[in-house]
file protein35.cif (mmCIF, C-alpha atoms and all ligand atoms)
data_input
#
loop_
_atom_site.label_atom_id
_atom_site.label_comp_id
_atom_site.auth_asym_id
_atom_site.auth_seq_id
_atom_site.Cartn_x
_atom_site.Cartn_y
_atom_site.Cartn_z
CA MET A 1 -14.27 5.03 14.59
CA SER A 2 -10.57 5.30 13.79
CA LYS A 3 -9.13 7.77 11.33
CA LYS A 4 -9.36 7.25 7.56
CA VAL A 5 -6.05 6.11 6.04
CA THR A 6 -4.74 8.49 3.39
CA VAL A 7 -1.96 8.24 0.84
CA ARG A 8 0.16 10.47 3.11
CA ASP A 9 -0.40 8.09 6.05
CA ILE A 10 0.85 5.20 3.90
CA MET A 11 3.96 7.15 2.88
CA LYS A 12 4.71 8.06 6.49
CA LYS A 13 4.76 4.40 7.50
CA LYS A 14 8.03 3.81 5.62
CA GLY A 15 10.68 2.83 8.12
CA SER A 16 8.31 3.05 11.09
CA GLU A 17 5.46 0.55 10.70
CA LYS A 18 4.89 -2.39 8.35
CA ILE A 19 2.02 -1.94 5.90
CA ALA A 20 -0.56 -4.75 5.66
CA ALA A 21 -2.44 -4.80 2.36
CA ILE A 22 -4.86 -7.29 0.86
CA THR A 23 -7.22 -7.53 -2.10
CA ALA A 24 -11.02 -7.41 -1.84
CA TYR A 25 -13.53 -7.10 -4.62
CA ASP A 26 -16.94 -6.38 -3.12
CA TYR A 27 -18.91 -4.73 -0.31
CA THR A 28 -19.01 -7.71 2.07
CA THR A 29 -15.36 -8.75 1.94
CA THR A 30 -14.17 -5.13 1.98
CA LYS A 31 -16.12 -4.58 5.23
CA ILE A 32 -14.56 -7.67 6.80
CA VAL A 33 -10.93 -7.09 5.77
CA ASP A 34 -11.25 -3.46 6.83
CA GLN A 35 -12.46 -4.53 10.26
CA ALA A 36 -9.38 -6.80 10.48
CA GLY A 37 -7.20 -3.68 10.37
CA VAL A 38 -5.51 -3.70 6.96
CA ASP A 39 -3.97 -0.43 5.81
CA ILE A 40 -4.63 -0.82 2.08
CA ILE A 41 -7.42 -2.65 0.24
CA LEU A 42 -6.65 -3.29 -3.43
CA VAL A 43 -9.51 -4.01 -5.78
CA GLY A 44 -7.08 -6.02 -7.87
CA ASP A 45 -7.49 -7.16 -11.44
CA SER A 46 -6.88 -10.63 -9.95
CA VAL A 47 -10.69 -10.46 -9.59
CA GLY A 48 -10.79 -11.69 -13.19
CA MET A 49 -9.14 -14.96 -12.23
CA VAL A 50 -10.36 -15.62 -8.68
CA VAL A 51 -13.95 -14.37 -9.03
CA HIS A 52 -14.73 -14.57 -12.74
CA GLY A 53 -12.72 -17.71 -13.55
CA LEU A 54 -10.74 -16.10 -16.37
CA PRO A 55 -7.45 -17.78 -17.41
CA SER A 56 -5.41 -14.57 -16.91
CA THR A 57 -5.95 -10.90 -16.07
CA LEU A 58 -5.75 -9.87 -19.74
CA PRO A 59 -9.51 -10.06 -20.45
CA VAL A 60 -10.40 -7.91 -17.42
CA SER A 61 -12.16 -4.74 -18.58
CA MET A 62 -12.67 -1.26 -17.14
CA ASP A 63 -16.38 -2.03 -16.77
CA MET A 64 -15.60 -5.05 -14.58
CA MET A 65 -13.17 -3.06 -12.46
CA LEU A 66 -15.53 -0.12 -12.04
CA LEU A 67 -18.33 -2.41 -10.85
CA HIS A 68 -16.06 -4.04 -8.27
CA VAL A 69 -14.54 -0.72 -7.13
CA GLU A 70 -18.04 0.72 -6.67
CA SER A 71 -19.14 -2.30 -4.64
CA ALA A 72 -16.01 -2.20 -2.42
CA ALA A 73 -16.30 1.57 -1.95
CA ARG A 74 -19.85 1.19 -0.58
CA ALA A 75 -18.25 -0.46 2.47
CA LYS A 76 -16.65 2.94 3.21
CA PRO A 77 -13.42 1.33 4.43
CA ARG A 78 -11.07 3.04 6.84
CA ALA A 79 -8.21 1.54 4.80
CA LEU A 80 -6.97 3.25 1.65
CA LEU A 81 -8.98 1.86 -1.28
CA VAL A 82 -6.88 1.34 -4.42
CA GLY A 83 -8.35 0.43 -7.82
CA ASP A 84 -6.23 -1.68 -10.17
CA MET A 85 -6.02 -0.45 -13.76
CA PRO A 86 -6.79 -3.38 -16.10
CA PHE A 87 -4.80 -4.33 -19.18
CA LEU A 88 -5.16 -1.81 -22.04
CA SER A 89 -6.79 0.88 -19.89
CA TYR A 90 -3.52 2.85 -19.51
CA GLU A 91 -0.97 1.65 -22.08
CA ALA A 92 -2.32 2.98 -25.39
CA SER A 93 -2.18 6.70 -24.60
CA VAL A 94 -1.59 9.04 -21.69
CA GLU A 95 -5.02 10.60 -22.31
CA ASP A 96 -6.79 7.21 -22.03
CA ALA A 97 -4.80 6.44 -18.91
CA VAL A 98 -5.75 9.65 -17.10
CA TYR A 99 -9.39 9.37 -18.18
CA ASN A 100 -9.73 5.74 -17.07
CA ALA A 101 -7.92 6.36 -13.78
CA GLY A 102 -10.29 9.28 -13.19
CA LEU A 103 -13.26 6.93 -13.64
CA MET A 104 -11.84 4.74 -10.85
CA LEU A 105 -11.82 7.73 -8.50
CA LYS A 106 -15.38 8.66 -9.53
CA LYS A 107 -16.49 5.17 -8.39
CA GLY A 108 -14.81 5.57 -5.01
CA ALA A 109 -11.17 4.46 -5.37
CA GLU A 110 -8.72 6.74 -3.59
CA ALA A 111 -5.73 5.78 -5.73
CA VAL A 112 -4.97 3.53 -8.69
CA LYS A 113 -2.30 0.90 -9.33
CA ILE A 114 -0.57 0.38 -12.66
CA GLU A 115 1.90 -2.27 -13.73
CA GLY A 116 5.20 -1.31 -15.37
CA GLY A 117 8.50 0.48 -14.84
CA ALA A 118 10.37 3.33 -16.52
CA GLU A 119 8.21 3.10 -19.66
CA MET A 120 5.19 4.14 -17.56
CA ALA A 121 6.82 7.29 -16.16
CA ASP A 122 4.88 9.68 -18.44
CA VAL A 123 1.58 8.01 -17.58
CA ILE A 124 2.31 8.22 -13.85
CA LYS A 125 3.31 11.89 -14.10
CA ALA A 126 0.13 12.76 -16.00
CA MET A 127 -2.09 10.93 -13.51
CA VAL A 128 -0.44 12.59 -10.53
CA ARG A 129 -0.73 15.98 -12.29
CA ALA A 130 -4.45 15.29 -12.64
CA GLY A 131 -4.72 14.62 -8.89
CA ILE A 132 -4.74 10.83 -9.04
CA PRO A 133 -2.46 9.04 -6.56
CA VAL A 134 -0.62 6.15 -8.22
CA MET A 135 0.80 2.94 -6.79
CA GLY A 136 3.43 1.30 -9.00
CA HIS A 137 3.83 -2.44 -9.63
CA ILE A 138 7.16 -3.92 -10.77
CA GLY A 139 8.94 -7.28 -10.82
CA LEU A 140 6.48 -9.87 -12.06
CA THR A 141 3.80 -7.86 -13.84
CA PRO A 142 1.08 -10.43 -14.64
CA GLN A 143 -0.50 -8.31 -17.40
CA ARG A 144 2.78 -8.83 -19.32
CA TYR A 145 3.16 -12.54 -18.69
CA LEU A 146 3.26 -13.20 -22.44
CA VAL A 147 6.36 -11.07 -23.02
CA LEU A 148 7.92 -12.16 -19.73
CA GLY A 149 7.63 -15.80 -20.72
CA GLY A 150 5.16 -16.76 -18.01
CA TYR A 151 4.57 -16.05 -14.33
CA ARG A 152 8.22 -16.51 -13.45
CA ARG A 153 10.51 -15.32 -10.67
CA ARG A 154 12.13 -11.98 -11.38
CA GLY A 155 15.45 -10.49 -10.37
CA VAL A 156 17.53 -13.63 -10.33
CA LYS A 157 19.89 -12.73 -13.23
CA ALA A 158 22.10 -9.64 -12.85
CA SER A 159 20.79 -7.98 -16.05
CA GLU A 160 17.22 -8.28 -14.76
CA VAL A 161 18.19 -6.97 -11.31
CA GLU A 162 19.58 -3.76 -12.78
CA ARG A 163 16.41 -3.20 -14.81
CA ILE A 164 14.05 -3.77 -11.87
CA VAL A 165 16.02 -1.45 -9.56
CA GLU A 166 16.09 1.18 -12.31
CA ASP A 167 12.32 0.77 -12.84
CA ALA A 168 11.75 1.40 -9.13
CA ARG A 169 13.84 4.58 -9.21
CA GLU A 170 12.12 5.88 -12.35
CA ILE A 171 8.56 5.36 -11.12
CA GLU A 172 9.50 6.89 -7.76
CA LYS A 173 10.77 9.96 -9.66
CA ALA A 174 7.55 10.01 -11.69
CA GLY A 175 5.55 10.32 -8.48
CA VAL A 176 4.18 6.98 -7.21
CA PHE A 177 3.31 6.94 -3.50
CA ALA A 178 4.16 3.24 -3.05
CA ILE A 179 5.54 0.36 -5.11
CA VAL A 180 4.27 -3.22 -5.27
CA ILE A 181 7.16 -5.62 -5.95
CA GLU A 182 5.92 -9.02 -7.12
CA PHE A 183 7.78 -12.40 -7.18
CA THR A 184 11.24 -10.82 -7.10
CA ALA A 185 14.35 -12.09 -5.30
CA ALA A 186 14.22 -11.06 -1.62
CA ASP A 187 17.62 -9.34 -1.69
CA VAL A 188 16.62 -7.29 -4.75
CA ALA A 189 13.36 -6.18 -3.08
CA ALA A 190 15.39 -5.29 0.02
CA GLU A 191 17.80 -3.22 -2.08
CA ILE A 192 14.91 -1.36 -3.75
CA THR A 193 13.38 -0.76 -0.32
CA LYS A 194 16.66 0.86 0.74
CA GLN A 195 17.02 2.92 -2.42
CA VAL A 196 13.55 4.45 -2.76
CA SER A 197 11.87 6.91 -0.41
CA VAL A 198 8.36 5.52 -0.92
CA PRO A 199 7.09 2.33 0.75
CA THR A 200 7.59 -1.00 -0.99
CA ILE A 201 4.74 -3.48 -0.65
CA CYS A 202 5.82 -6.97 -1.52
CA ILE A 203 4.14 -10.13 -2.73
CA GLY A 204 6.41 -13.14 -3.08
CA SER A 205 9.45 -10.87 -2.70
CA GLY A 206 10.57 -11.59 0.84
CA TRP A 207 10.17 -9.90 4.18
CA MET A 208 12.65 -7.01 3.87
CA CYS A 209 10.05 -4.65 2.42
CA ASP A 210 7.91 -1.92 3.97
CA GLY A 211 4.75 -4.01 3.70
CA GLN A 212 3.07 -7.09 2.26
CA ILE A 213 0.07 -7.76 0.05
CA LEU A 214 -1.74 -11.02 -0.71
CA VAL A 215 -4.77 -12.02 -2.73
CA LEU A 216 -7.73 -12.52 -0.37
CA HIS A 217 -8.81 -15.81 -1.97
CA ASP A 218 -5.31 -17.26 -1.38
CA VAL A 219 -5.33 -16.15 2.28
CA LEU A 220 -8.76 -17.68 2.83
CA GLY A 221 -8.02 -20.94 1.03
CA LEU A 222 -10.62 -20.30 -1.66
CA SER A 223 -8.33 -20.29 -4.70
CA GLU A 224 -8.20 -23.35 -6.94
CA SER A 225 -4.43 -23.02 -7.18
CA THR A 226 -2.26 -20.88 -4.96
CA PRO A 227 1.11 -19.32 -5.87
CA PRO A 228 4.10 -20.75 -3.96
CA PHE A 229 4.65 -17.54 -2.00
CA ALA A 230 1.11 -17.21 -0.64
CA LYS A 231 0.14 -18.34 2.84
CA LYS A 232 -3.25 -19.94 3.46
CA TYR A 233 -4.60 -18.66 6.80
CA ALA A 234 -7.94 -20.52 6.57
CA ASP A 235 -9.63 -23.31 4.65
CA LEU A 236 -12.84 -21.62 3.51
CA ARG A 237 -13.07 -23.96 0.51
CA GLY A 238 -13.35 -26.84 2.99
CA ALA A 239 -15.68 -24.87 5.27
CA ILE A 240 -18.03 -23.96 2.40
CA LEU A 241 -17.97 -27.50 1.05
CA SER A 242 -18.92 -28.99 4.38
CA ALA A 243 -21.61 -26.36 5.14
CA VAL A 244 -23.29 -26.71 1.74
CA SER A 245 -23.00 -30.53 1.80
CA GLU A 246 -24.77 -30.52 5.17
CA TYR A 247 -27.48 -28.22 3.77
CA VAL A 248 -27.99 -30.57 0.81
CA ARG A 249 -28.18 -33.56 3.16
CA GLU A 250 -30.78 -31.86 5.41
CA VAL A 251 -32.96 -30.73 2.47
CA LYS A 252 -32.92 -34.24 0.97
CA ALA A 253 -33.72 -35.79 4.36
CA GLY A 254 -36.58 -33.33 5.01
CA LEU A 255 -34.76 -31.91 8.03
CA PHE A 256 -34.56 -28.35 6.72
CA PRO A 257 -36.55 -26.18 7.06
CA GLY A 258 -37.88 -27.17 10.48
CA ARG A 259 -40.67 -25.51 12.48
CA GLU A 260 -38.24 -22.87 13.79
CA HIS A 261 -37.63 -21.63 10.23
CA SER A 262 -41.36 -21.62 9.27
CA PHE A 263 -44.56 -19.75 10.11
CA PHE A 264 -48.28 -20.53 9.88
CA SER A 265 -51.42 -18.76 8.71
CA GLU A 266 -53.96 -17.35 11.22
CA ALA A 267 -56.44 -20.07 10.21
CA TYR A 268 -53.88 -22.75 10.93
CA ASN A 269 -53.06 -21.16 14.29
CA ARG A 270 -56.79 -20.98 15.21
CA GLY A 271 -56.91 -24.67 14.55
CA GLY A 272 -54.80 -25.34 17.59
CA GLU A 273 -51.25 -24.52 16.61
O1 LIG B 301 -4.49 -7.87 -8.89
C1 LIG B 301 -3.90 -8.12 -7.84
O2 LIG B 301 -4.41 -8.81 -6.97
C2 LIG B 301 -2.55 -7.59 -7.66
C3 LIG B 301 -1.80 -8.03 -6.45
C4 LIG B 301 -1.27 -9.38 -6.67
C5 LIG B 301 -0.73 -7.08 -6.07
O3 LIG B 301 -2.08 -6.88 -8.48
#
call {"tool": "encode", "arguments": {"input": "protein35.cif", "output": "structure tokens", "more": "lines below"}}
Ligand code: KIV
result
Amino acid sequence: MSKKVTVRDIMKKKGSEKIAAITAYDYTTTKIVDQAGVDIILVGDSVGMVVHGLPSTLPVSMDMMLLHVESAARAKPRALLVGDMPFLSYEASVEDAVYNAGLMLKKGAEAVKIEGGAEMADVIKAMVRAGIPVMGHIGLTPQRYLVLGGYRRRGVKASEVERIVEDAREIEKAGVFAIVIEFTAADVAAEITKQVSVPTICIGSGWMCDGQILVLHDVLGLSESTPPFAKKYADLRGAILSAVSEYVREVKAGLFPGREHSFFSEAYNRGGE
């Protein structure tokens, strides 16, 4: 078995090896993506949308996240397991934030991720002081889509660029071990990657970053709608549809189950079978 990936291992990859990260939300998929060799598995709050069918990540609760983190952790992945802090679990007070992040670790996460820039510096510092590794998340922060005016590209206008770069520097100073940069202009993500000493892990922010992350359901072709930056590596929606349609057809036609999927009583067997 290869060596467990730690936060320090992730930090050491900056400038030497690209980091491959993906989301997973349960025991089975965590086992599979871990076997595929990812470095980081994020139990993302995207679970609310892709698994629970919610319209955004805002209704995702700590209880939901803890259940999914616990399930994923049972797979004992080699990859670093990161739990995503849901909306309102870390914004209201530093005390709440540290307590809720601690609960993630108690369920098996090895780090947490929070959305936000400079305004989250105190929260990040307090978590790190409490022994909780923190991954930052800047650029498009979906939990703030209402104030951002939707799920829109970030870092196109100069004023926004300055703010995003500043956010990266501030959360680095506060102590994050890596920074997710979402849906931000590629040159801006590249500039941040140059300016900060911690790895940048991008989603929809170009290739000039230290690593990439995608939502598992987008990669597998399971999502109902996929963001423009995601790449579909399989068509599991099609595969499931055809497998289950075939099952339905065989049940209706009396073809399943056959003798090979059945067994008989002793009396029946004595009767010649
Ligand atoms: O919840 C999530 O899946 C995420 C990734 C998109 C980074 O935050």
call {"tool": "atom_distance", "arguments": {"input": "protein35.cif", "atom1": "CA of Arg152 in chain A", "atom2": "CA of Glu119 in chain A"}}
result
20.6 Å
call {"tool": "residues_near_ligand", "arguments": {"input": "protein35.cif", "ligand": "ligand LIG 301 (chain B)", "cutoff": "10 Å", "atoms": "all atoms listed in the file", "output": "ChimeraX atom specification"}}
result
/A:21-25,41-50,57,83-86,113-115,136-138,140-143,179-183,201-204,212-217
call {"tool": "closest_atom_pairs", "arguments": {"input": "protein35.cif", "of": "range 73-132 of chain A", "to": "range 158-168 of chain A", "cutoff": "12 Å", "atoms": "all atoms listed in the file", "output": "Markdown table"}}
result
| residue | atom | partner | partner_atom | distance |
| --- | --- | --- | --- | --- |
| A:Glu115 | CA | A:Asp167 | CA | 10.9 |
| A:Gly116 | CA | A:Asp167 | CA | 7.8 |
| A:Gly117 | CA | A:Asp167 | CA | 4.3 |
| A:Ala118 | CA | A:Asp167 | CA | 4.9 |
| A:Glu119 | CA | A:Asp167 | CA | 8.3 |
| A:Met120 | CA | A:Asp167 | CA | 9.2 |
| A:Ala121 | CA | A:Asp167 | CA | 9.2 |
call {"tool": "atom_distance", "arguments": {"input": "protein35.cif", "atom1": "CA of Lys194 in chain A", "atom2": "CA of Ala230 in chain A"}}
result
23.9 Å
call {"tool": "closest_residue", "arguments": {"input": "protein35.cif", "among": "A:Tyr233, A:Val198, A:Tyr27, A:Ala101", "to": "Asp210 in chain A", "atoms": "only C-alpha atoms"}}
result
A:Val198
call {"tool": "residues_around", "arguments": {"input": "protein35.cif", "residues": "range 11-18 of chain A", "least_positions_apart": "2", "cutoff": "8 Å", "atoms": "all atoms listed in the file", "output": "list in words"}}
result
Val7, Arg8, Asp9, Ala20, Phe177, Ala178, Ser197, Val198, Pro199, Asp210, Gly211 and Gln212 of chain A
call {"tool": "atom_distance", "arguments": {"input": "protein35.cif", "atom1": "CA of Leu66 in chain A", "atom2": "CA of Leu148 in chain A"}}
result
27.5 Å
call {"tool": "closest_residue", "arguments": {"input": "protein35.cif", "among": "A:Val69, A:Val82, A:Ala126, A:Ala174", "to": "Glu95 in chain A", "atoms": "all atoms listed in the file"}}
result
A:Ala126
call {"tool": "closest_residue", "arguments": {"input": "protein35.cif", "among": "A:Lys125, A:Arg237, A:Lys107, A:Lys231", "to": "Glu170 in chain A", "atoms": "only C-alpha atoms"}}
result
A:Lys125
call {"tool": "closest_residue", "arguments": {"input": "protein35.cif", "among": "A:Gly131, A:Gly155, A:Gly150, A:Gly102", "to": "Ala190 in chain A", "atoms": "all atoms listed in the file"}}
result
A:Gly155
call {"tool": "closest_residue", "arguments": {"input": "protein35.cif", "among": "A:Gly175, A:Pro228, A:Gly258, A:Gly108", "to": "Lys76 in chain A", "atoms": "all atoms listed in the file"}}
result
A:Gly108
call {"tool": "axis_aligned_box", "arguments": {"input": "protein35.cif", "around": "range 234-246 of chain A", "padding_each_side": "8 Å", "output": "lines of an AutoDock Vina configuration file"}}
result
center_x = -16.4
center_y = -25.5
center_z = 3.5
size_x = 32.8
size_y = 26.0
size_z = 22.1
call {"tool": "closest_residue", "arguments": {"input": "protein35.cif", "among": "A:Ala253, A:Ile132, A:Ile192, A:Ile10", "to": "Leu105 in chain A", "atoms": "only C-alpha atoms"}}
result
A:Ile132
call {"tool": "build_atoms", "arguments": {"input": "protein35.cif", "residues": "range 111-125 of chain A", "atoms": "N, CA, C and O atoms", "output": "PDB file, in the frame of the given file"}}
result
ATOM      1  N   ALA A 111      -7.003   5.833  -5.010  1.00  0.00           N
ATOM      2  CA  ALA A 111      -5.730   5.780  -5.730  1.00  0.00           C
ATOM      3  C   ALA A 111      -5.878   4.674  -6.766  1.00  0.00           C
ATOM      4  O   ALA A 111      -6.842   3.887  -6.707  1.00  0.00           O
ATOM      5  N   VAL A 112      -4.957   4.627  -7.716  1.00  0.00           N
ATOM      6  CA  VAL A 112      -4.970   3.530  -8.690  1.00  0.00           C
ATOM      7  C   VAL A 112      -3.609   2.847  -8.676  1.00  0.00           C
ATOM      8  O   VAL A 112      -2.618   3.420  -8.213  1.00  0.00           O
ATOM      9  N   LYS A 113      -3.589   1.621  -9.179  1.00  0.00           N
ATOM     10  CA  LYS A 113      -2.300   0.900  -9.330  1.00  0.00           C
ATOM     11  C   LYS A 113      -2.105   0.592 -10.804  1.00  0.00           C
ATOM     12  O   LYS A 113      -3.072   0.195 -11.480  1.00  0.00           O
ATOM     13  N   ILE A 114      -0.879   0.798 -11.285  1.00  0.00           N
ATOM     14  CA  ILE A 114      -0.570   0.380 -12.660  1.00  0.00           C
ATOM     15  C   ILE A 114       0.699  -0.464 -12.663  1.00  0.00           C
ATOM     16  O   ILE A 114       1.592  -0.272 -11.847  1.00  0.00           O
ATOM     17  N   GLU A 115       0.734  -1.410 -13.577  1.00  0.00           N
ATOM     18  CA  GLU A 115       1.900  -2.270 -13.730  1.00  0.00           C
ATOM     19  C   GLU A 115       2.898  -1.597 -14.679  1.00  0.00           C
ATOM     20  O   GLU A 115       2.488  -0.930 -15.636  1.00  0.00           O
ATOM     21  N   GLY A 116       4.203  -1.805 -14.425  1.00  0.00           N
ATOM     22  CA  GLY A 116       5.200  -1.310 -15.370  1.00  0.00           C
ATOM     23  C   GLY A 116       6.246  -0.434 -14.697  1.00  0.00           C
ATOM     24  O   GLY A 116       6.020   0.088 -13.598  1.00  0.00           O
ATOM     25  N   GLY A 117       7.386  -0.280 -15.392  1.00  0.00           N
ATOM     26  CA  GLY A 117       8.500   0.480 -14.840  1.00  0.00           C
ATOM     27  C   GLY A 117       8.710   1.794 -15.555  1.00  0.00           C
ATOM     28  O   GLY A 117       7.754   2.547 -15.797  1.00  0.00           O
ATOM     29  N   ALA A 118       9.977   2.049 -15.926  1.00  0.00           N
ATOM     30  CA  ALA A 118      10.370   3.330 -16.520  1.00  0.00           C
ATOM     31  C   ALA A 118       9.472   3.750 -17.678  1.00  0.00           C
ATOM     32  O   ALA A 118       9.165   4.932 -17.849  1.00  0.00           O
ATOM     33  N   GLU A 119       9.026   2.775 -18.483  1.00  0.00           N
ATOM     34  CA  GLU A 119       8.210   3.100 -19.660  1.00  0.00           C
ATOM     35  C   GLU A 119       6.860   3.704 -19.290  1.00  0.00           C
ATOM     36  O   GLU A 119       6.166   4.264 -20.141  1.00  0.00           O
ATOM     37  N   MET A 120       6.478   3.605 -18.008  1.00  0.00           N
ATOM     38  CA  MET A 120       5.190   4.140 -17.560  1.00  0.00           C
ATOM     39  C   MET A 120       5.336   5.505 -16.888  1.00  0.00           C
ATOM     40  O   MET A 120       4.355   6.064 -16.384  1.00  0.00           O
ATOM     41  N   ALA A 121       6.566   6.046 -16.890  1.00  0.00           N
ATOM     42  CA  ALA A 121       6.820   7.290 -16.160  1.00  0.00           C
ATOM     43  C   ALA A 121       5.895   8.426 -16.615  1.00  0.00           C
ATOM     44  O   ALA A 121       5.337   9.153 -15.787  1.00  0.00           O
ATOM     45  N   ASP A 122       5.714   8.575 -17.935  1.00  0.00           N
ATOM     46  CA  ASP A 122       4.880   9.680 -18.440  1.00  0.00           C
ATOM     47  C   ASP A 122       3.427   9.522 -17.992  1.00  0.00           C
ATOM     48  O   ASP A 122       2.749  10.497 -17.667  1.00  0.00           O
ATOM     49  N   VAL A 123       2.963   8.282 -17.998  1.00  0.00           N
ATOM     50  CA  VAL A 123       1.580   8.010 -17.580  1.00  0.00           C
ATOM     51  C   VAL A 123       1.407   8.366 -16.101  1.00  0.00           C
ATOM     52  O   VAL A 123       0.440   9.023 -15.702  1.00  0.00           O
ATOM     53  N   ILE A 124       2.381   7.942 -15.295  1.00  0.00           N
ATOM     54  CA  ILE A 124       2.310   8.220 -13.850  1.00  0.00           C
ATOM     55  C   ILE A 124       2.318   9.725 -13.602  1.00  0.00           C
ATOM     56  O   ILE A 124       1.486  10.252 -12.846  1.00  0.00           O
ATOM     57  N   LYS A 125       3.217  10.428 -14.283  1.00  0.00           N
ATOM     58  CA  LYS A 125       3.310  11.890 -14.100  1.00  0.00           C
ATOM     59  C   LYS A 125       1.982  12.555 -14.453  1.00  0.00           C
ATOM     60  O   LYS A 125       1.506  13.424 -13.718  1.00  0.00           O
TER      61      LYS A 125
END
